[in-house]
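Have a look at the structure below, then the notes.
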Amino acid sequence: MKSKSTRSTLLLGAALVLTARGALAAQTPPSWNDPVVLRLIERSRELRASAVVDSTFRTYKAEGRGYVYFFFDRPDSDVRNLVKADQVALDLFWKAPDSTRQVIVGQRDQKLLPTDIRYHIDHLTVVQDDYGDRIRVGDGDEVSAVLHPVGPGSESVYDFMLADSLSISYAGGAVHVYQIRVRPRNLDRPGFVGTLYVDRSSGAIVRMNFSFTPASYVDPYVDHIRISLDNSLWMERYWLPYKQEVEIRREIPMLDFMVGSVIRSRFEIRGYEFNVDLPPTTFLGGRVGALSPARRAAFQFDRGLFDDIEEEGLTPSPSLEEVKTQVRQVVEDHALSGLRPVRLHLGAISEVARYDRSEGLRLGGGLSFRPRGDVFAHVSGGYAFGRQRPSGIVSVSRDAGAVQPTVEAYWDDMGDIGGYPGSTLLENTITSLSGHQDYTDPFFRRGATLSLRHGDAGGASVSFRYEDQRSARDVVSDDPADTDYRPVRTIDEGGLGAVAVRAPFGLPGGGDAELNGQLGRLGTRTFGSVSADALWELKSPTRPWSGEVSLGGGALTSRAPAQWTYLLGGRWTLPGYDYRSFAGDRYWLARAEATVPVWAPYVSVRALGAVGATYLTAARTLPVDWAATDSGGLRGSLGAGLAFGWDALRVDVARGVRGGGWEALFSVAKEFRSWL
């Protein structure tokens, strides 16, 4: 949380600026456990052990203000779903030599999805003593007793490296610090992994960025814990807490379901008053106390509950990203996840079981494993009883560096024609079994892909693939010519080589866009495509209503194979028209929807609309079994519906306004579709 108060002598609101001084650059390369760095650690230990750091420094009181978020994330995407937000106000007290006390004086929260989570008390408070000699997180349920890197006897447990000499610049001067990397001598035991920044003049700890070894985690659900603690120089004399961030991520121990829960807190400490007279009762009753629920709820916060997330979002802050980077530099190839190195793997529920007209019943599963710290691999496969054939995927990715590669090999993986999926595979299983409505246009692929992605899961990427593509067929109908299922569309078969580029970027008004280009060759035909999608999400926890507006469009060259054709009509495109009845080598589509609660959070009303068109050039022909034409000009849809249970389940009715009919649509909110 960003402070708006005036600090007495320190303007850290301008942020910490680290500039390399190069004092170590001219020396020999740094080495572990050099006598110089060990003397620095001993000096910091002596300072922490001093009964009285400054005889004129008796007490202080201060204010802590912060936010705690609980959300879900998927490691293979940049999608994060906020479940609960808390805002906390603390009064902090300290008395020499080492008495501390915190009182929760204000607290409010809001749930955006159902949850019964209850936080450990240290998730809602701050660290006043750099964790003391033994580090505990989650009241000992997550990390119990990891030795502090400057705790007694730390040289026998940790390796230390003097990595750099830096200058931390303030408005009124600069403080010179040493950057010290820390790792356990035995990475198979509980330990601190990260970086210390130590004041060159006093030996005081200015900053700590760190995580833990896997053996440190008591809770088997913990994937990782990352912590960033910043102290600041107050009154030009005292190094005291200023800013603290913690991230705790969990997953299911035995199952890699490609989703995790995250607790992330961000606190700032301000309003220090020194050498104040504190009542004798201040430090009675333990280190943490709280006012009554009514008094905490009545506290007047100077910022809104969602102000911080509106400004910063749910992406990791620069401080937490710095922790991630520095920890990797320290441990190199070692995995620091507390999760088991080998787990069952499911990318979605439908990987266990699904049903469609081209496979029949398919059962499957997989395994994931980490052969080294920054390398992740998974193997998944299954057997389609209708086709009487196995299928599978092997994927290996490296999550480190400026460019992150992924190699994927697949055998009889099912693809879908059309660009816009009509439903999740789980929903498609239900409709295929219950009403002979299969919303896939499948084909099968055998080949491999190399993808190079910049940065995180939402970064720009380029991919290279070669695969053999084959048509699917209806394997569940006794007579495919006399069935309630839509006919399976044939494709232009053969070996396909292609390169694809994806470039995401921001738009005015808070929108996000993505530009995609592909160049491919099938047999003797060379072709290409370009498409773009834009999305504006009108969604905020501070507003009762939500909405979104999306725009999409694309074009193909005339020699592109049939399976690259754009298809519109029906669910999630132009409802009220026959499903995927409009085909084109060019298209555009605009959609909008709004949701307004009438009995929050259980029931909401919805309105939706769409307009678009497809265009087929004279030079382009489609397979005769496609039964699709261009849209013949503009087509549109209007509809309304209801959403239930935090808007997770939706029932809509829409009508095509030019030559269309009525269509009922059951779906789930898009943020949950990747899980299905």
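Naming works like this for the structure tokens: A, B, ... for the chains as they're shown, residue 1 at the start of each chain, ligands 1 onward in shown order.
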Excluding region 330-332 of chain A and its own-chain neighbours fewer than 2 positions away, which residues fall within 7 Å of it when counting only C-alpha atoms? Please give them as a PDB file with N, CA and C atoms, in the first residue's frame.
ATOM      1  N   ARG A 181      24.698 -13.084  -1.079  1.00  0.00           N
ATOM      2  CA  ARG A 181      23.876 -14.235  -1.416  1.00  0.00           C
ATOM      3  C   ARG A 181      24.037 -15.308  -0.343  1.00  0.00           C
ATOM      4  N   ARG A 183      22.918 -19.405   0.749  1.00  0.00           N
ATOM      5  CA  ARG A 183      22.324 -20.698   0.419  1.00  0.00           C
ATOM      6  C   ARG A 183      22.712 -21.698   1.498  1.00  0.00           C
ATOM      7  N   GLY A 194      18.415 -16.985  -0.500  1.00  0.00           N
ATOM      8  CA  GLY A 194      18.112 -15.662  -1.022  1.00  0.00           C
ATOM      9  C   GLY A 194      19.256 -14.689  -0.870  1.00  0.00           C
ATOM     10  N   GLN A 326      16.561 -13.789  -7.828  1.00  0.00           N
ATOM     11  CA  GLN A 326      17.743 -13.944  -6.983  1.00  0.00           C
ATOM     12  C   GLN A 326      17.860 -15.348  -6.410  1.00  0.00           C
ATOM     13  N   VAL A 327      16.724 -15.948  -6.058  1.00  0.00           N
ATOM     14  CA  VAL A 327      16.762 -17.316  -5.542  1.00  0.00           C
ATOM     15  C   VAL A 327      17.300 -18.262  -6.614  1.00  0.00           C
ATOM     16  N   ARG A 328      16.884 -18.077  -7.860  1.00  0.00           N
ATOM     17  CA  ARG A 328      17.390 -18.921  -8.938  1.00  0.00           C
ATOM     18  C   ARG A 328      18.883 -18.737  -9.132  1.00  0.00           C
ATOM     19  N   HIS A 334      18.686 -26.356  -8.880  1.00  0.00           N
ATOM     20  CA  HIS A 334      17.939 -27.099  -7.873  1.00  0.00           C
ATOM     21  C   HIS A 334      16.488 -26.629  -7.828  1.00  0.00           C
TER      22      HIS A 334
END
Inset, instruction - Would you kindly return, as a ChimeraX atom specification, each protein, DNA or RNA residue with an atom no farther than 9 Å from any atom of Arg486 (chain A), considering only C-alpha atoms and excluding same-chain residues fewer than 6 positions away? - result: /A:436-439
Create the file for the chosen residues now, containing N, CA and C atoms and written as a compact mmCIF listing (two decimals), in the first residue's frame.
# COMPACT_ATOMS: atom_id res chain seq x y z
N HIS A 436 -27.02 -35.29 -28.29
CA HIS A 436 -26.38 -35.44 -29.60
C HIS A 436 -25.94 -34.09 -30.17
N GLN A 437 -25.47 -33.21 -29.28
CA GLN A 437 -24.96 -31.91 -29.71
C GLN A 437 -23.46 -31.88 -29.43
N ASP A 438 -22.69 -32.09 -30.47
CA ASP A 438 -21.23 -32.08 -30.36
C ASP A 438 -20.72 -30.77 -30.94
N TYR A 439 -20.09 -29.95 -30.08
CA TYR A 439 -19.65 -28.62 -30.48
C TYR A 439 -18.18 -28.58 -30.88
Write out as an mmCIF file with C-alpha atoms, in the first residue's frame the residues lying within 9 Å of region 97-105 of chain A, counting only C-alpha atoms and excluding same-chain residues fewer than 5 positions away.
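In the end it all went to result_23.cif:
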data_model
loop_
_atom_site.group_PDB
_atom_site.id
_atom_site.type_symbol
_atom_site.label_atom_id
_atom_site.label_comp_id
_atom_site.auth_asym_id
_atom_site.auth_seq_id
_atom_site.Cartn_x
_atom_site.Cartn_y
_atom_site.Cartn_z
ATOM 1 C CA SER A 50 23.252 -6.183 21.230
ATOM 2 C CA ALA A 51 20.968 -5.670 24.157
ATOM 3 C CA VAL A 52 20.644 -1.961 23.356
ATOM 4 C CA VAL A 53 21.518 -0.739 19.875
ATOM 5 C CA ARG A 58 14.000 3.432 24.126
ATOM 6 C CA VAL A 88 -5.756 -4.492 7.658
ATOM 7 C CA ALA A 89 -4.666 -1.661 9.958
ATOM 8 C CA LEU A 90 -2.116 -2.276 12.726
ATOM 9 C CA ASP A 91 -0.707 -0.314 15.626
ATOM 10 C CA LEU A 92 2.917 -1.329 16.275
ATOM 11 C CA LEU A 124 -2.378 -10.402 8.806
ATOM 12 C CA THR A 125 0.554 -8.767 10.603
ATOM 13 C CA VAL A 126 4.110 -7.578 9.943
ATOM 14 C CA GLN A 128 9.204 -6.224 13.447
ATOM 15 C CA ASP A 129 12.479 -8.064 14.172
ATOM 16 C CA THR A 282 1.173 -2.383 26.279
ATOM 17 C CA PHE A 283 3.189 -5.593 26.026
ATOM 18 C CA LEU A 284 0.884 -7.843 28.035
ATOM 19 C CA GLY A 286 1.362 -11.826 23.652
ATOM 20 C CA ARG A 287 2.923 -10.202 20.607
ATOM 21 C CA VAL A 288 -0.333 -9.829 18.648
ATOM 22 C CA GLY A 289 -3.688 -8.581 19.828
ATOM 23 C CA ALA A 290 -6.866 -7.345 18.216
ATOM 24 C CA LEU A 291 -9.693 -4.995 18.991
ATOM 25 C CA SER A 292 -13.231 -6.314 19.001
ATOM 26 C CA ARG A 295 -14.242 -1.747 16.507
ATOM 27 C CA ARG A 296 -12.111 -3.234 13.707
ATOM 28 C CA ALA A 297 -15.026 -2.925 11.275
ATOM 29 C CA PHE A 299 -11.983 1.726 11.553
#
Near region 216-223 of chain A, 6 Å: region 93-186 of chain A residue rows, closest pairs, only C-alpha atoms, as JSON lines:
{"residue": "A:Asp141", "atom": "CA", "partner": "A:Val218", "partner_atom": "CA", "distance": 5.9}
{"residue": "A:Glu142", "atom": "CA", "partner": "A:Val218", "partner_atom": "CA", "distance": 5.0}
{"residue": "A:Val143", "atom": "CA", "partner": "A:Tyr217", "partner_atom": "CA", "distance": 5.1}
C-alpha atoms of the current selection, written as a PDB file, in the first residue's frame:
ATOM      1  CA  ASP A 141       2.375 -24.651  10.198  1.00  0.00           C
ATOM      2  CA  GLU A 142       4.091 -23.646   6.952  1.00  0.00           C
ATOM      3  CA  VAL A 143       7.703 -23.055   8.030  1.00  0.00           C
TER       4      VAL A 143
END
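The two atoms in question, CA of Ile349 (chain A) and CA of Ile430 (chain A), are spaced 12.8 Å apart.
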Inset, instruction - Please provide as a ChimeraX atom specification all residues within 10 Å of Gly523 (chain A), with the sequence filter that same-chain residues fewer than 6 positions apart are discarded (counting only C-alpha atoms). - result: /A:492-497
Inset, instruction - Choose the residue, out of A:Arg200, A:Lys84, A:Arg398, A:Arg673, that has the smallest atom-to-atom separation from Lys111 (chain A); count only C-alpha atoms. - result: A:Lys84
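The environment of Arg387 (chain A) within 7 Å, counting only C-alpha atoms and disregarding residues fewer than 3 places along the same chain, consists of Glu359, Ala384 and Val475 of chain A.
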Legend entry - Distance query Thr526 (chain A) at most 12 Å, only C-alpha atoms, self and fewer than 2 positions along chain excluded, as a VMD selection string: chain A and resid 496 to 499 518 to 524 528 to 529 556 to 561
